[in-house]
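S.K.: Have a look at this one before I ask anything.
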Protein chains: 2
Amino acid sequence: MTNHVSLPGFRDFYPHDLAVRSHIMTAWRDVARRYGFEEYDGPPLEQLELYIEKSGEEIVRQLYNFEDKGGRAVALRPEMTPTLARMVGARAGSLRKPIRWFSVPQLFRYERTQRGRLREHYQWNVDIIGEDDIAADAEVLAVALDALRTLGLGAGDIVARYNDRRLLEALLLHAGVAPDRLLATYAVIDKIGRDSMDRSRARFAEEAGLVDTAIDAVLALFGADAALADLRVSHASNEDVMLGIERLERYEQRLHALGLSDFIRFDPSIVRGLAYYTGTVFEIFDRRGELRAICGGGRYDRLLASVSSADLPAAGFGMGDVVLTELLRDRNLLPDGRQFVDTYIIALSETEQPLMLQVAQSLRARGESVMYALRSAAVGKQIKDADARGAARVILLGPEEVERGMATVRLMATGEQHDVSLDSLTSDRIAATS
Amino acid sequence: MTNHVSLPGFRDFYPHDLAVRSHIMTAWRDVARRYGFEEYDGPPLEQLELYIEKSGEEIVRQLYNFEDKGGRAVALRPEMTPTLARMVGARAGSLRKPIRWFSVPQLFRYERTQRGRLREHYQWNVDIIGEDDIAADAEVLAVALDALRTLGLGAGDIVARYNDRRLLEALLLHAGVAPDRLLATYAVIDKIGRDSMDRSRARFAEEAGLVDTAIDAVLALFGADAALADLRVSHASNEDVMLGIERLERYEQRLHALGLSDFIRFDPSIVRGLAYYTGTVFEIFDRRGELRAICGGGRYDRLLASVSSADLPAAGFGMGDVVLTELLRDRNLLPDGRQFVDTYIIALSETEQPLMLQVAQSLRARGESVMYALRSAAVGKQIKDADARGAARVILLGPEEVERGMATVRLMATGEQHDVSLDSLTSDRIAATS
């Protein structure tokens, strides 16, 4: 029989891959829990219209959508926010606000793109719904950064660049951008780091219709040393700008108090591609700038009302597993994924087999992971197997030792051996046996 | 905007539902780890032919299958074994045998059945691949039973009924069933508990072509007190039966040594519906017989060779989350799913806000879950919120206490209050503060 293959763009998780995935997800869940967030989940398959309503018909090109046997237009979820909005919308009245929820869904897309591009990934979603104070914005960014810290990344590895669309809007209007050209201007700003300066100027003129003086004024905002303090001086007379600055200063103060000063930087060129953000926006990058963004999020106060009957403000982010795994691998911060067991038991003859199983159960009841050979084999071969399975210790049960009520323990790291009493291995109390 | 709904047959997991799911999955993963099994996962979507090859064209009726945008015939996975076989087949040479793997996939099917029937569920899959000794069969049953014990179910709640198709085959041949009528006879036996005696007799005659004497001999096997010891006496001269008995006796001995005697019972009428089992088969039921089987499994030595290039013997089981959740709910063994946080911090004035965040971070660094209000509110309202969020204690930071370097701790269960030093809350060392 020939071997089947998996679908293009889908990953198999062999145990060493699953160990890496699990390492990351454990950090995500643990940090979310430490901030008092509760986990939820929805179906991987939803009605297609849920996504069209949020993102327009053009989203369908990128979706893994199809018609099911009941004639329904359905799609494998490309993002979690519409499901979140649907679930909150259905019970908005009875859920305690602000809602602090997180999820770790697998997401899907179908793009006819280059080979090797994935069609699925896992994404940590963390959201606070029902609170419009900027404290909520700071809280979700702190959750994202603390998870990355928990995974071993420091302020030398990553930086969160943040901005506020309300501030940027005030700055752009002040620079002479017409209100109806704001979205087009955002689109050019979003690419400002990747396009050349000439290209950006040309796009500001062509796509956003800006005149030269406006382009100069806009570009002046995005120096490498952009700082709120400078804007405070240069825009002291503009109320909207000052309000935007004060809001972001409160955001900064909370993040400072949360011990994250070294991880954050104001960057007025951060706008995020998605149209639905209404306030703060942030992206977390590796400092070396080698990878795409690790995480992105912000405030989206109008989205819930647009896809459900719940009109609630919201702030949140999504952090995918693919770029993060690359970064952690680059920085040597991933577990090696090799199997580990606490104890491997070897019965020297058939007679000790029942005792072997009894000892195994006692140790398992204490939480240890325990293995043994399932068929007779030479002791040397079993010790080799124990080593290959990552056993920390081997317990040898031989007729003579068992006769004396003892067993031999061998620590695999050092090869050191010593005897312990069988009582200490089979009693319910936890004994110091290794 | 009107609210969207989820697709029929798909569950939303609100936090209290997710807590139940997580409770069960944690037990599954923990017990698998204690037995030295490693977790793997595959894609939720596979090539349709992977399932057709294993189960035949008729399986397509029950699948959630469709054509993707690349013209591929694909299906949402209805079971994990084909993916397991595919993954093992691709790396059979380099994987250490026996392979001890488990997985917790979400599975899908599309049947036009009654309302309320689910189209997805989660299923724990545990398999040992590359070992044909009956010790492997006993090992996987022990894993299943230990997980159920870990979830609080005792020998009074559940029983594993086991059989061996090799033994049953020898018994049926001895009873006069023709070799080419074995599969048809299994199909009738599979329903013997649900059909009336008259109906079973009629089906044995019509569907399996058995004559009256054969029917009598077959039915005589399935008394409520069926025992291997009796078969030993009644079939002493039949070598195949004796071999089958000896094999199952070794199976029993291992399960006894593993401390599971009270959880298992020989039942020669267990055959399992699936055609691919080749040896032991088992099903775990609630003792009251109110629910469908909680778990089913056995040995399938020919399956891997039939869908991959790896010709390896295998034994394993699948345990779904739906029936198990029903049983645990009936027995009052589920967590209530209410939110829990260790600490809720209240700053009595704006001045203590930075300190509040600093204390929160210190406690989080120790692994505690910590919350606070994201906007100013009266203290009474905040204490009410702390209670609603399931906080174990509240820390009050007031100007006077902070001045003295102290904070007030209130234990929510008793209302008892005492003061602790701020140092003990913000230092890195873990202090006895509650």
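Residue numbers start at 1 in each chain; chains themselves are named A, B, ... in the order of the structure tokens; ligands are numbered from 1 in the order shown.
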Near chain B, meaning an atom within 7 Å, which residues of chain A appear when counting only C-alpha atoms? Write them as number ranges by chain.
M.R.: A: 1-4, 6-7, 10-15, 18, 33-36, 38-43, 46-47, 50, 66, 86, 89-90, 133, 135-136, 257-258, 305-309, 341, 354, 357-358, 361, 364, 367-371, 374-375
S.K.: Give me a file of those residues, with N, CA and C atoms, as a short mmCIF file (atom, residue, chain, number, x, y, z; two decimals), in the first residue's frame.
M.R.:
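Here's the written file result.cif:
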data_model
loop_
_atom_site.label_atom_id
_atom_site.label_comp_id
_atom_site.auth_asym_id
_atom_site.auth_seq_id
_atom_site.Cartn_x
_atom_site.Cartn_y
_atom_site.Cartn_z
N MET A 1 0.85 -1.20 0.00
CA MET A 1 0.00 0.00 0.00
C MET A 1 0.89 1.25 0.00
N THR A 2 0.61 2.18 -0.90
CA THR A 2 1.41 3.42 -0.90
C THR A 2 0.96 4.30 0.25
N ASN A 3 1.86 5.17 0.67
CA ASN A 3 1.54 6.06 1.77
C ASN A 3 0.72 7.25 1.29
N HIS A 4 -0.27 7.63 2.09
CA HIS A 4 -1.02 8.85 1.81
C HIS A 4 -0.22 10.04 2.28
N SER A 6 -0.50 14.31 3.64
CA SER A 6 -1.43 15.29 4.20
C SER A 6 -1.70 16.36 3.14
N LEU A 7 -2.73 17.16 3.36
CA LEU A 7 -3.09 18.23 2.43
C LEU A 7 -2.02 19.32 2.46
N PHE A 10 -1.06 22.02 5.59
CA PHE A 10 -1.48 21.53 6.90
C PHE A 10 -0.32 20.80 7.59
N ARG A 11 -0.15 21.07 8.86
CA ARG A 11 0.97 20.47 9.58
C ARG A 11 0.57 19.19 10.31
N ASP A 12 1.47 18.21 10.28
CA ASP A 12 1.39 17.08 11.20
C ASP A 12 2.18 17.46 12.44
N PHE A 13 1.67 17.13 13.60
CA PHE A 13 2.41 17.38 14.84
C PHE A 13 2.87 16.04 15.42
N TYR A 14 4.07 15.64 15.04
CA TYR A 14 4.69 14.48 15.69
C TYR A 14 4.99 14.87 17.14
N PRO A 15 5.22 13.90 18.02
CA PRO A 15 5.37 14.25 19.44
C PRO A 15 6.36 15.39 19.72
N LEU A 18 4.56 18.50 18.77
CA LEU A 18 3.46 18.76 19.69
C LEU A 18 4.00 19.31 21.01
N ARG A 33 -4.63 33.06 32.56
CA ARG A 33 -5.23 32.73 33.85
C ARG A 33 -4.72 33.67 34.94
N ARG A 34 -3.40 33.98 34.91
CA ARG A 34 -2.85 34.87 35.93
C ARG A 34 -3.47 36.27 35.88
N TYR A 35 -3.96 36.66 34.70
CA TYR A 35 -4.62 37.96 34.57
C TYR A 35 -6.14 37.84 34.73
N GLY A 36 -6.59 36.66 35.16
CA GLY A 36 -8.02 36.50 35.42
C GLY A 36 -8.89 36.38 34.18
N GLU A 38 -10.81 34.02 31.31
CA GLU A 38 -11.42 32.69 31.22
C GLU A 38 -11.38 32.21 29.78
N GLU A 39 -11.12 30.91 29.60
CA GLU A 39 -11.04 30.35 28.25
C GLU A 39 -12.43 30.01 27.70
N TYR A 40 -12.63 30.27 26.41
CA TYR A 40 -13.84 29.86 25.70
C TYR A 40 -13.39 29.24 24.39
N ASP A 41 -14.31 28.63 23.67
CA ASP A 41 -14.02 28.13 22.33
C ASP A 41 -15.31 28.09 21.54
N GLY A 42 -15.20 28.12 20.24
CA GLY A 42 -16.37 28.00 19.37
C GLY A 42 -16.09 26.92 18.35
N PRO A 43 -17.01 26.73 17.41
CA PRO A 43 -16.82 25.69 16.38
C PRO A 43 -15.77 26.14 15.36
N GLU A 46 -18.18 27.80 10.69
CA GLU A 46 -19.26 28.77 10.94
C GLU A 46 -19.97 29.08 9.62
N GLN A 47 -21.12 29.73 9.75
CA GLN A 47 -21.83 30.21 8.56
C GLN A 47 -20.93 31.22 7.84
N LEU A 50 -21.21 35.09 8.42
CA LEU A 50 -20.64 35.72 9.61
C LEU A 50 -19.36 36.49 9.25
N PHE A 66 -17.02 26.40 1.73
CA PHE A 66 -17.64 25.40 0.85
C PHE A 66 -19.12 25.32 1.17
N ARG A 86 -20.31 36.73 18.01
CA ARG A 86 -21.56 35.96 17.96
C ARG A 86 -21.94 35.40 19.33
N GLY A 89 -22.77 38.21 21.70
CA GLY A 89 -24.06 38.77 21.28
C GLY A 89 -25.23 37.94 21.77
N ALA A 90 -25.07 36.61 21.77
CA ALA A 90 -26.17 35.71 22.15
C ALA A 90 -26.47 35.78 23.65
N ASP A 133 -12.38 52.24 28.88
CA ASP A 133 -11.24 52.95 29.46
C ASP A 133 -9.94 52.40 28.91
N ALA A 135 -7.36 51.76 30.32
CA ALA A 135 -6.77 50.73 31.20
C ALA A 135 -6.95 49.34 30.60
N ALA A 136 -8.04 49.12 29.90
CA ALA A 136 -8.28 47.81 29.27
C ALA A 136 -7.29 47.59 28.13
N ALA A 257 3.80 50.97 35.29
CA ALA A 257 3.51 50.41 36.62
C ALA A 257 3.48 48.89 36.57
N LEU A 258 3.14 48.34 35.42
CA LEU A 258 3.12 46.87 35.26
C LEU A 258 4.52 46.33 34.96
N ALA A 305 -21.19 45.62 17.58
CA ALA A 305 -22.50 46.12 17.13
C ALA A 305 -22.72 45.80 15.65
N SER A 306 -21.63 45.71 14.88
CA SER A 306 -21.80 45.48 13.44
C SER A 306 -22.13 44.03 13.09
N VAL A 307 -21.81 43.07 13.97
CA VAL A 307 -22.13 41.67 13.66
C VAL A 307 -23.04 41.01 14.69
N SER A 308 -23.47 41.75 15.71
CA SER A 308 -24.38 41.17 16.70
C SER A 308 -25.24 42.27 17.27
N SER A 309 -26.14 41.89 18.18
CA SER A 309 -27.01 42.90 18.77
C SER A 309 -26.36 43.54 19.99
N VAL A 341 10.39 10.31 30.73
CA VAL A 341 9.59 9.57 31.71
C VAL A 341 10.37 9.57 33.02
N PRO A 354 4.24 -9.22 38.05
CA PRO A 354 3.12 -8.63 38.79
C PRO A 354 3.59 -7.52 39.73
N LEU A 357 4.20 -4.32 37.82
CA LEU A 357 2.97 -3.57 37.50
C LEU A 357 2.42 -2.88 38.74
N GLN A 358 2.57 -3.55 39.89
CA GLN A 358 2.08 -2.97 41.14
C GLN A 358 2.89 -1.72 41.52
N GLN A 361 1.91 1.17 39.25
CA GLN A 361 0.65 1.83 39.61
C GLN A 361 0.82 2.74 40.82
N ARG A 364 2.57 5.82 39.59
CA ARG A 364 1.64 6.62 38.78
C ARG A 364 0.63 7.35 39.66
N GLY A 367 1.71 10.52 40.58
CA GLY A 367 1.87 11.50 39.51
C GLY A 367 3.06 11.25 38.61
N GLU A 368 3.85 10.20 38.90
CA GLU A 368 5.01 9.92 38.06
C GLU A 368 4.60 9.32 36.72
N SER A 369 5.43 9.53 35.70
CA SER A 369 5.25 8.80 34.44
C SER A 369 6.14 7.57 34.49
N VAL A 370 5.55 6.43 34.19
CA VAL A 370 6.23 5.15 34.38
C VAL A 370 6.06 4.26 33.15
N MET A 371 7.14 3.65 32.73
CA MET A 371 7.11 2.70 31.61
C MET A 371 7.82 1.41 31.99
N LEU A 374 6.96 -4.27 27.31
CA LEU A 374 5.72 -5.05 27.22
C LEU A 374 5.98 -6.50 26.87
N ARG A 375 7.23 -6.85 26.55
CA ARG A 375 7.57 -8.25 26.34
C ARG A 375 8.97 -8.49 26.90
#
S.K.: Would you pick out the contacts of segment 323-326 of chain B at 12 Å or less, using only C-alpha atoms, so that residues sharing its chain but fewer than 6 positions from it are not included, and give the list as a PyMOL selection string?
M.R.: chain B and resi 17-25+28+118+121-124+144+147-148+151-153+157-158+284-286+290-295+332-335
S.K.: One decimal, Å: what's the distance from atom CA of Arg149 of chain B over to atom CA of Arg288 of chain B, could you say?
M.R.: 16.9 Å
S.K.: I'd like to know which residues of segment 347-405 of chain A are alpha helix (DSSP H) (by DSSP, run on the backbone); could you write them as a PDB file with N, CA, C and O atoms, in the first residue's frame?
M.R.:
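Full text of result03.pdb as output:
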ATOM      1  N   GLN A 353       7.042  -9.808  37.311  1.00  0.00           N
ATOM      2  CA  GLN A 353       6.140  -9.016  36.456  1.00  0.00           C
ATOM      3  C   GLN A 353       4.961  -8.420  37.235  1.00  0.00           C
ATOM      4  O   GLN A 353       4.696  -7.225  37.112  1.00  0.00           O
ATOM      5  N   PRO A 354       4.239  -9.223  38.052  1.00  0.00           N
ATOM      6  CA  PRO A 354       3.116  -8.625  38.785  1.00  0.00           C
ATOM      7  C   PRO A 354       3.588  -7.515  39.733  1.00  0.00           C
ATOM      8  O   PRO A 354       2.944  -6.463  39.832  1.00  0.00           O
ATOM      9  N   LEU A 355       4.732  -7.725  40.397  1.00  0.00           N
ATOM     10  CA  LEU A 355       5.265  -6.704  41.288  1.00  0.00           C
ATOM     11  C   LEU A 355       5.621  -5.444  40.497  1.00  0.00           C
ATOM     12  O   LEU A 355       5.359  -4.312  40.928  1.00  0.00           O
ATOM     13  N   MET A 356       6.200  -5.642  39.303  1.00  0.00           N
ATOM     14  CA  MET A 356       6.543  -4.517  38.435  1.00  0.00           C
ATOM     15  C   MET A 356       5.311  -3.658  38.153  1.00  0.00           C
ATOM     16  O   MET A 356       5.347  -2.420  38.263  1.00  0.00           O
ATOM     17  N   LEU A 357       4.196  -4.316  37.818  1.00  0.00           N
ATOM     18  CA  LEU A 357       2.971  -3.571  37.503  1.00  0.00           C
ATOM     19  C   LEU A 357       2.423  -2.880  38.744  1.00  0.00           C
ATOM     20  O   LEU A 357       1.915  -1.759  38.679  1.00  0.00           O
ATOM     21  N   GLN A 358       2.572  -3.551  39.891  1.00  0.00           N
ATOM     22  CA  GLN A 358       2.078  -2.969  41.144  1.00  0.00           C
ATOM     23  C   GLN A 358       2.888  -1.724  41.518  1.00  0.00           C
ATOM     24  O   GLN A 358       2.325  -0.684  41.898  1.00  0.00           O
ATOM     25  N   VAL A 359       4.209  -1.817  41.380  1.00  0.00           N
ATOM     26  CA  VAL A 359       5.072  -0.653  41.657  1.00  0.00           C
ATOM     27  C   VAL A 359       4.729   0.483  40.693  1.00  0.00           C
ATOM     28  O   VAL A 359       4.603   1.644  41.091  1.00  0.00           O
ATOM     29  N   ALA A 360       4.539   0.120  39.424  1.00  0.00           N
ATOM     30  CA  ALA A 360       4.206   1.139  38.422  1.00  0.00           C
ATOM     31  C   ALA A 360       2.949   1.904  38.822  1.00  0.00           C
ATOM     32  O   ALA A 360       2.914   3.137  38.773  1.00  0.00           O
ATOM     33  N   GLN A 361       1.908   1.170  39.250  1.00  0.00           N
ATOM     34  CA  GLN A 361       0.655   1.825  39.611  1.00  0.00           C
ATOM     35  C   GLN A 361       0.816   2.737  40.823  1.00  0.00           C
ATOM     36  O   GLN A 361       0.207   3.802  40.890  1.00  0.00           O
ATOM     37  N   SER A 362       1.641   2.299  41.800  1.00  0.00           N
ATOM     38  CA  SER A 362       1.866   3.139  42.974  1.00  0.00           C
ATOM     39  C   SER A 362       2.551   4.440  42.585  1.00  0.00           C
ATOM     40  O   SER A 362       2.181   5.520  43.058  1.00  0.00           O
ATOM     41  N   LEU A 363       3.554   4.331  41.735  1.00  0.00           N
ATOM     42  CA  LEU A 363       4.269   5.537  41.317  1.00  0.00           C
ATOM     43  C   LEU A 363       3.377   6.435  40.463  1.00  0.00           C
ATOM     44  O   LEU A 363       3.403   7.655  40.584  1.00  0.00           O
ATOM     45  N   ARG A 364       2.568   5.818  39.591  1.00  0.00           N
ATOM     46  CA  ARG A 364       1.641   6.615  38.780  1.00  0.00           C
ATOM     47  C   ARG A 364       0.633   7.350  39.657  1.00  0.00           C
ATOM     48  O   ARG A 364       0.260   8.487  39.373  1.00  0.00           O
ATOM     49  N   ALA A 365       0.180   6.676  40.716  1.00  0.00           N
ATOM     50  CA  ALA A 365      -0.781   7.313  41.618  1.00  0.00           C
ATOM     51  C   ALA A 365      -0.165   8.541  42.278  1.00  0.00           C
ATOM     52  O   ALA A 365      -0.867   9.450  42.702  1.00  0.00           O
ATOM     53  N   VAL A 379      18.162  -7.493  29.844  1.00  0.00           N
ATOM     54  CA  VAL A 379      18.225  -6.302  30.695  1.00  0.00           C
ATOM     55  C   VAL A 379      18.949  -5.165  29.986  1.00  0.00           C
ATOM     56  O   VAL A 379      18.519  -4.005  30.018  1.00  0.00           O
ATOM     57  N   GLY A 380      20.057  -5.499  29.316  1.00  0.00           N
ATOM     58  CA  GLY A 380      20.816  -4.461  28.603  1.00  0.00           C
ATOM     59  C   GLY A 380      19.965  -3.756  27.565  1.00  0.00           C
ATOM     60  O   GLY A 380      20.004  -2.526  27.431  1.00  0.00           O
ATOM     61  N   LYS A 381      19.151  -4.518  26.875  1.00  0.00           N
ATOM     62  CA  LYS A 381      18.283  -3.947  25.847  1.00  0.00           C
ATOM     63  C   LYS A 381      17.222  -3.047  26.489  1.00  0.00           C
ATOM     64  O   LYS A 381      16.874  -1.991  25.960  1.00  0.00           O
ATOM     65  N   GLN A 382      16.733  -3.470  27.662  1.00  0.00           N
ATOM     66  CA  GLN A 382      15.713  -2.670  28.343  1.00  0.00           C
ATOM     67  C   GLN A 382      16.316  -1.358  28.863  1.00  0.00           C
ATOM     68  O   GLN A 382      15.674  -0.315  28.821  1.00  0.00           O
ATOM     69  N   ILE A 383      17.548  -1.428  29.354  1.00  0.00           N
ATOM     70  CA  ILE A 383      18.193  -0.191  29.839  1.00  0.00           C
ATOM     71  C   ILE A 383      18.426   0.763  28.674  1.00  0.00           C
ATOM     72  O   ILE A 383      18.217   1.975  28.794  1.00  0.00           O
ATOM     73  N   LYS A 384      18.766   0.224  27.534  1.00  0.00           N
ATOM     74  CA  LYS A 384      18.932   1.044  26.326  1.00  0.00           C
ATOM     75  C   LYS A 384      17.601   1.698  25.947  1.00  0.00           C
ATOM     76  O   LYS A 384      17.539   2.874  25.573  1.00  0.00           O
ATOM     77  N   ASP A 385      16.523   0.917  26.047  1.00  0.00           N
ATOM     78  CA  ASP A 385      15.195   1.457  25.751  1.00  0.00           C
ATOM     79  C   ASP A 385      14.838   2.571  26.740  1.00  0.00           C
ATOM     80  O   ASP A 385      14.319   3.623  26.355  1.00  0.00           O
ATOM     81  N   ALA A 386      15.138   2.333  28.017  1.00  0.00           N
ATOM     82  CA  ALA A 386      14.874   3.343  29.048  1.00  0.00           C
ATOM     83  C   ALA A 386      15.600   4.643  28.710  1.00  0.00           C
ATOM     84  O   ALA A 386      15.040   5.734  28.824  1.00  0.00           O
ATOM     85  N   ASP A 387      16.839   4.513  28.268  1.00  0.00           N
ATOM     86  CA  ASP A 387      17.632   5.679  27.911  1.00  0.00           C
ATOM     87  C   ASP A 387      17.009   6.396  26.709  1.00  0.00           C
ATOM     88  O   ASP A 387      16.830   7.620  26.715  1.00  0.00           O
ATOM     89  N   ALA A 388      16.640   5.628  25.697  1.00  0.00           N
ATOM     90  CA  ALA A 388      16.055   6.213  24.485  1.00  0.00           C
ATOM     91  C   ALA A 388      14.719   6.894  24.783  1.00  0.00           C
ATOM     92  O   ALA A 388      14.344   7.868  24.131  1.00  0.00           O
ATOM     93  N   PRO A 399      15.158 -11.213  41.551  1.00  0.00           N
ATOM     94  CA  PRO A 399      14.693 -12.183  42.547  1.00  0.00           C
ATOM     95  C   PRO A 399      15.370 -11.988  43.903  1.00  0.00           C
ATOM     96  O   PRO A 399      14.700 -12.000  44.944  1.00  0.00           O
ATOM     97  N   GLU A 400      16.681 -11.788  43.927  1.00  0.00           N
ATOM     98  CA  GLU A 400      17.383 -11.679  45.210  1.00  0.00           C
ATOM     99  C   GLU A 400      16.979 -10.431  45.976  1.00  0.00           C
ATOM    100  O   GLU A 400      16.713 -10.469  47.178  1.00  0.00           O
ATOM    101  N   GLU A 401      16.955  -9.293  45.263  1.00  0.00           N
ATOM    102  CA  GLU A 401      16.576  -8.035  45.922  1.00  0.00           C
ATOM    103  C   GLU A 401      15.145  -8.133  46.450  1.00  0.00           C
ATOM    104  O   GLU A 401      14.866  -7.736  47.582  1.00  0.00           O
ATOM    105  N   VAL A 402      14.253  -8.651  45.601  1.00  0.00           N
ATOM    106  CA  VAL A 402      12.839  -8.727  45.998  1.00  0.00           C
ATOM    107  C   VAL A 402      12.700  -9.615  47.236  1.00  0.00           C
ATOM    108  O   VAL A 402      11.930  -9.326  48.153  1.00  0.00           O
ATOM    109  N   GLU A 403      13.457 -10.701  47.274  1.00  0.00           N
ATOM    110  CA  GLU A 403      13.495 -11.604  48.432  1.00  0.00           C
ATOM    111  C   GLU A 403      13.787 -10.825  49.717  1.00  0.00           C
ATOM    112  O   GLU A 403      13.177 -11.045  50.767  1.00  0.00           O
TER     113      GLU A 403
END
S.K.: Out of segment 325-354 of chain B, which residues get strand (DSSP E) from DSSP, as a PyMOL selection string?
M.R.: chain B and resi 341-347
S.K.: Keeping only all heavy atoms, write the selected residues as a CSV table (one decimal), in the first residue's frame.
M.R.:
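The resulting file, out.csv, is shown below:
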chain,number,residue,atom,x,y,z
B,341,VAL,N,-10.5,33.4,40.9
B,341,VAL,CA,-9.2,34.1,40.9
B,341,VAL,C,-8.7,34.1,42.3
B,341,VAL,O,-9.5,34.0,43.3
B,341,VAL,CB,-9.3,35.5,40.4
B,341,VAL,CG1,-9.7,35.6,38.9
B,341,VAL,CG2,-10.3,36.4,41.2
B,342,ASP,N,-7.4,34.1,42.4
B,342,ASP,CA,-6.8,34.1,43.8
B,342,ASP,C,-7.0,35.4,44.5
B,342,ASP,O,-7.4,35.4,45.6
B,342,ASP,CB,-5.3,33.8,43.6
B,342,ASP,CG,-5.0,32.4,43.1
B,342,ASP,OD1,-5.4,31.4,43.8
B,342,ASP,OD2,-4.4,32.2,42.0
B,343,THR,N,-6.7,36.5,43.8
B,343,THR,CA,-6.7,37.8,44.4
B,343,THR,C,-7.3,38.9,43.6
B,343,THR,O,-7.1,38.9,42.4
B,343,THR,CB,-5.2,38.2,44.7
B,343,THR,OG1,-4.6,37.2,45.6
B,343,THR,CG2,-5.1,39.5,45.4
B,344,TYR,N,-8.1,39.7,44.2
B,344,TYR,CA,-8.7,40.9,43.6
B,344,TYR,C,-8.2,42.1,44.4
B,344,TYR,O,-8.4,42.1,45.6
B,344,TYR,CB,-10.2,40.8,43.7
B,344,TYR,CG,-11.0,41.7,42.8
B,344,TYR,CD1,-11.7,41.3,41.7
B,344,TYR,CD2,-11.1,43.1,43.2
B,344,TYR,CE1,-12.4,42.2,40.9
B,344,TYR,CE2,-11.8,44.0,42.4
B,344,TYR,CZ,-12.5,43.5,41.2
B,344,TYR,OH,-13.2,44.4,40.5
B,345,ILE,N,-7.5,43.0,43.7
B,345,ILE,CA,-6.9,44.1,44.4
B,345,ILE,C,-7.8,45.4,44.2
B,345,ILE,O,-8.2,45.7,43.1
B,345,ILE,CB,-5.5,44.4,43.9
B,345,ILE,CG1,-4.7,43.1,43.9
B,345,ILE,CG2,-4.8,45.4,44.9
B,345,ILE,CD1,-3.3,43.3,43.4
B,346,ILE,N,-8.0,46.1,45.3
B,346,ILE,CA,-8.8,47.3,45.3
B,346,ILE,C,-7.9,48.5,45.7
B,346,ILE,O,-7.4,48.5,46.8
B,346,ILE,CB,-10.1,47.2,46.1
B,346,ILE,CG1,-10.9,46.1,45.6
B,346,ILE,CG2,-10.8,48.5,46.2
B,346,ILE,CD1,-12.2,45.8,46.5
B,347,ALA,N,-7.8,49.5,44.9
B,347,ALA,CA,-7.1,50.7,45.3
B,347,ALA,C,-8.1,51.7,45.7
B,347,ALA,O,-9.1,52.0,45.0
B,347,ALA,CB,-6.3,51.3,44.1
S.K.: Please determine, counting only C-alpha atoms, which residue among A:Asp164, A:Arg404, A:Leu210, A:Thr81 has the shortest atom-to-atom distance to Val126 of chain A.
M.R.: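 Closest to Val126 of chain A, using only C-alpha atoms: A:Thr81.
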S.K.: For Ala407 of chain A, please output as a PyMOL selection string all residues within 6 Å (counting only C-alpha atoms; exclusion window: fewer than 5 positions along the same chain).
M.R.: chain A and resi 396-397+401+419-420
S.K.: Please produce an output containing C-alpha atoms for each residue in the selection, written as an mmCIF file, in the first residue's frame.
M.R.:
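To be explicit, this is the file written out as part_35.cif:
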data_model
loop_
_atom_site.group_PDB
_atom_site.id
_atom_site.type_symbol
_atom_site.label_atom_id
_atom_site.label_comp_id
_atom_site.auth_asym_id
_atom_site.auth_seq_id
_atom_site.Cartn_x
_atom_site.Cartn_y
_atom_site.Cartn_z
ATOM 1 C CA LEU A 396 15.458 -3.074 38.710
ATOM 2 C CA LEU A 397 13.396 -5.839 40.290
ATOM 3 C CA GLU A 401 16.576 -8.035 45.922
ATOM 4 C CA ASP A 419 18.869 0.074 46.857
ATOM 5 C CA VAL A 420 15.479 1.159 48.163
#
